[in-house]
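S.K.: Dropping a structure here in structure tokens format, bear with me for questions.
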Amino acid sequence: MKLTREGRSPLFTHLRAAFVTCLFAVGLTACEWGSIGYNKGYAPEQPIAFSHELHAGNYKIQCLYCHSTAERAAHSSVPSLNICMNCHMVVATDRPAIQKIAEAYNSNTPIPWVNVHMLPDHVKFNHEAHVKKFGAPQACHKCHGPVESMETLYQYSSLSMGWCIDCHRQPENQAPVSCSTCHY
């Protein structure tokens with residue numbers, strides 16, 4: 001039998017590598033595979049406080065009123081200030097947060113909102129396909145959770161590859177699971 005420099009057989013080296021790989025895989029599974037390195041629960045501080053609970057919950061403003069590109073584009077945008085000002089030209093104009101929005105609107109300066117839901121650069125999520133399939137707000141809730149009850153928006157789901165594939169594999173969703181669905 002041929003031995004390696006360390007005096008071990010190649011079979012031992014391969015078995016050791018397989019064992020270490022299995023331990024690593026089991027360790028990842030035990031650590032809720034798919035959430036490692038993801039931002040579940042992430043709630044960054046925004047430059048201006050915004051309550052989805054107030055707007056989507058109390059006032060029942062639909063997701064697509066503010067996030068209108070979600071039903072016709074791959075990317076769902078942060079609403080432009082003119083959407084905010086549709087109401088806030090006359091509503092709550094005495095509040096400091098609304099005055100900041102009005103000042104930015106009047107000076108044509110965008111608010112530097114901090115992205116809450118982040119995916120790696122090599123992953124593409126098509127909002128339009130999901131909204132067309134499930135409709136809003138059902139499609140929104142699948143990933144973003146009960147936004148209408150969030151005073152401060154946070155990342156509700158891990159949005160990991162495993163989490164997405166689990167949803168795609170549900171028979172009622174009839175969704176593709178090929179790599180090119182999200183990696184293109």
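Chain lettering (A, B, ...) mirrors the order of the structure tokens, residue numbering begins at 1 for each chain separately, and ligand numbering begins at 1 in order of display.
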Would you kindly return, as a list of chain:residue names, each protein, DNA or RNA residue with an atom no farther than 12 Å from any atom of Glu45 in chain A, considering only C-alpha atoms and excluding same-chain residues fewer than 5 positions away?

M.R.: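 Answer for this query is A:Phe50, A:Pro112, A:Trp113, A:Val114, A:Asn115, A:Val116, A:Thr152, A:Leu153, A:Tyr154.
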
S.K.: I need the chosen residues saved as a short mmCIF file (atom, residue, chain, number, x, y, z; two decimals), in the first residue's frame, with N, CA and C atoms.

M.R.:
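File written: out.cif
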data_model
loop_
_atom_site.label_atom_id
_atom_site.label_comp_id
_atom_site.auth_asym_id
_atom_site.auth_seq_id
_atom_site.Cartn_x
_atom_site.Cartn_y
_atom_site.Cartn_z
N PHE A 50 -40.05 56.15 9.97
CA PHE A 50 -41.22 55.87 9.15
C PHE A 50 -41.91 54.65 9.73
N PRO A 112 -31.65 59.71 2.10
CA PRO A 112 -30.74 58.55 2.03
C PRO A 112 -31.23 57.38 2.89
N TRP A 113 -32.35 56.76 2.49
CA TRP A 113 -32.89 55.63 3.23
C TRP A 113 -31.86 54.50 3.26
N VAL A 114 -31.85 53.74 4.33
CA VAL A 114 -30.94 52.60 4.47
C VAL A 114 -31.69 51.34 4.06
N ASN A 115 -31.09 50.59 3.15
CA ASN A 115 -31.72 49.36 2.66
C ASN A 115 -31.89 48.37 3.82
N VAL A 116 -33.07 47.79 3.93
CA VAL A 116 -33.37 46.84 5.00
C VAL A 116 -33.22 45.41 4.50
N THR A 152 -41.12 49.85 13.28
CA THR A 152 -39.84 49.99 12.59
C THR A 152 -39.68 48.78 11.68
N LEU A 153 -39.48 49.01 10.41
CA LEU A 153 -39.33 47.93 9.46
C LEU A 153 -38.06 47.15 9.75
N TYR A 154 -38.17 45.83 9.71
CA TYR A 154 -37.00 44.97 9.89
C TYR A 154 -37.08 43.81 8.90
#

S.K.: Would you kindly return, as a ChimeraX atom specification, each protein, DNA or RNA residue with an atom no farther than 8 Å from any atom of Ala73 in chain A, considering only C-alpha atoms and excluding same-chain residues fewer than 5 positions away?

M.R.: /A:126-128

S.K.: Any chance you could export the current selection's C-alpha atoms as an mmCIF file, in the first residue's frame?

M.R.:
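Output contents, as saved in result_22.cif:
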data_model
loop_
_atom_site.group_PDB
_atom_site.id
_atom_site.type_symbol
_atom_site.label_atom_id
_atom_site.label_comp_id
_atom_site.auth_asym_id
_atom_site.auth_seq_id
_atom_site.Cartn_x
_atom_site.Cartn_y
_atom_site.Cartn_z
ATOM 1 C CA ASN A 126 -37.908 39.385 -9.351
ATOM 2 C CA HIS A 127 -40.627 41.268 -7.474
ATOM 3 C CA GLU A 128 -42.859 41.454 -10.551
#

S.K.: Give the answer as one residue: which of A:Cys66, A:Met150, A:Cys182, A:Ala104 has the shortest atom-to-atom distance to Leu54 in chain A, using only C-alpha atoms?

M.R.: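 Nearest candidate to Leu54 in chain A out of A:Cys66, A:Met150, A:Cys182, A:Ala104: A:Met150.
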
S.K.: Record the distance separating CA of Lys40 in chain A and CA of Leu159 in chain A, expressed in Å with one decimal.

M.R.: 7.8 Å

S.K.: Just the residues within 10 Å of Asn173 in chain A, please, counting only C-alpha atoms, with nothing from its chain fewer than 4 positions along; format it as an MDAnalysis selection string.

M.R.: chainID A and resid 133:134 167:169

S.K.: I'd like the neighbourhood of range 55-64 of chain A as an NGL selection string, where a residue qualifies if any of its atoms comes within 9 Å (using only C-alpha atoms), though same-chain residues fewer than 3 positions away should be ignored.

M.R.: :A and (50-52 or 67-71 or 136-137 or 140 or 147-150)

S.K.: Could those residues be written to a file, using C-alpha atoms, as a short mmCIF file (atom, residue, chain, number, x, y, z; two decimals), in the first residue's frame?

M.R.:
data_model
loop_
_atom_site.label_atom_id
_atom_site.label_comp_id
_atom_site.auth_asym_id
_atom_site.auth_seq_id
_atom_site.Cartn_x
_atom_site.Cartn_y
_atom_site.Cartn_z
CA PHE A 50 -41.22 55.87 9.15
CA SER A 51 -43.97 53.67 10.57
CA HIS A 52 -45.34 50.94 8.31
CA HIS A 67 -43.92 50.49 -3.89
CA SER A 68 -45.56 50.73 -7.30
CA THR A 69 -42.66 49.28 -9.29
CA ALA A 70 -43.01 45.89 -7.53
CA GLU A 71 -45.81 44.85 -9.90
CA ALA A 136 -50.22 42.05 -3.20
CA PRO A 137 -50.12 42.03 -0.23
CA CYS A 140 -45.23 40.93 0.04
CA VAL A 147 -45.22 44.84 7.64
CA GLU A 148 -48.50 46.47 8.66
CA SER A 149 -47.68 45.69 12.30
CA MET A 150 -44.07 46.95 12.19
#

S.K.: Quick one: of A:Cys179, A:Leu81, A:Val91, A:Ala97, who's nearest to Val123 in chain A, counting only C-alpha atoms?

M.R.: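 Smallest separation from Val123 in chain A among the options: A:Cys179.
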
S.K.: Here is a test: counting only C-alpha atoms, which residue of A:Pro171, A:Lys132, A:Met118, A:Ile165 is nearest to Ala43 in chain A?

M.R.: A:Met118

S.K.: Need to verify the contact set: Met161 in chain A, 12 Å, only C-alpha atoms, exclusion of same-chain residues closer than 3 positions in sequence. Can you return it as a short mmCIF file (atom, residue, chain, number, x, y, z; two decimals) with C-alpha atoms, in the first residue's frame?

M.R.:
data_model
loop_
_atom_site.label_atom_id
_atom_site.label_comp_id
_atom_site.auth_asym_id
_atom_site.auth_seq_id
_atom_site.Cartn_x
_atom_site.Cartn_y
_atom_site.Cartn_z
CA TRP A 33 -28.53 26.62 7.74
CA GLY A 34 -29.39 29.54 5.58
CA SER A 35 -29.38 32.17 8.29
CA ILE A 36 -25.61 32.31 8.68
CA GLY A 37 -24.44 35.66 7.42
CA TYR A 38 -27.96 36.84 6.66
CA LEU A 119 -29.42 39.98 -1.03
CA PRO A 120 -25.94 39.09 -2.25
CA HIS A 122 -25.10 37.34 -7.36
CA VAL A 123 -28.78 36.82 -6.47
CA LYS A 124 -31.62 38.36 -8.44
CA PHE A 125 -35.11 38.52 -6.98
CA SER A 157 -37.09 36.40 6.86
CA SER A 158 -33.52 35.24 6.35
CA CYS A 164 -36.24 30.67 -0.87
CA ILE A 165 -35.92 27.11 -2.19
CA ASP A 166 -38.14 25.83 0.62
CA CYS A 167 -40.84 28.23 -0.57
CA HIS A 168 -40.30 27.31 -4.23
CA VAL A 177 -35.91 25.56 -8.51
CA SER A 178 -33.28 25.73 -11.23
CA CYS A 179 -30.18 27.81 -10.49
CA THR A 181 -34.17 31.29 -11.67
CA CYS A 182 -32.26 33.49 -9.23
CA HIS A 183 -28.67 33.43 -10.47
#
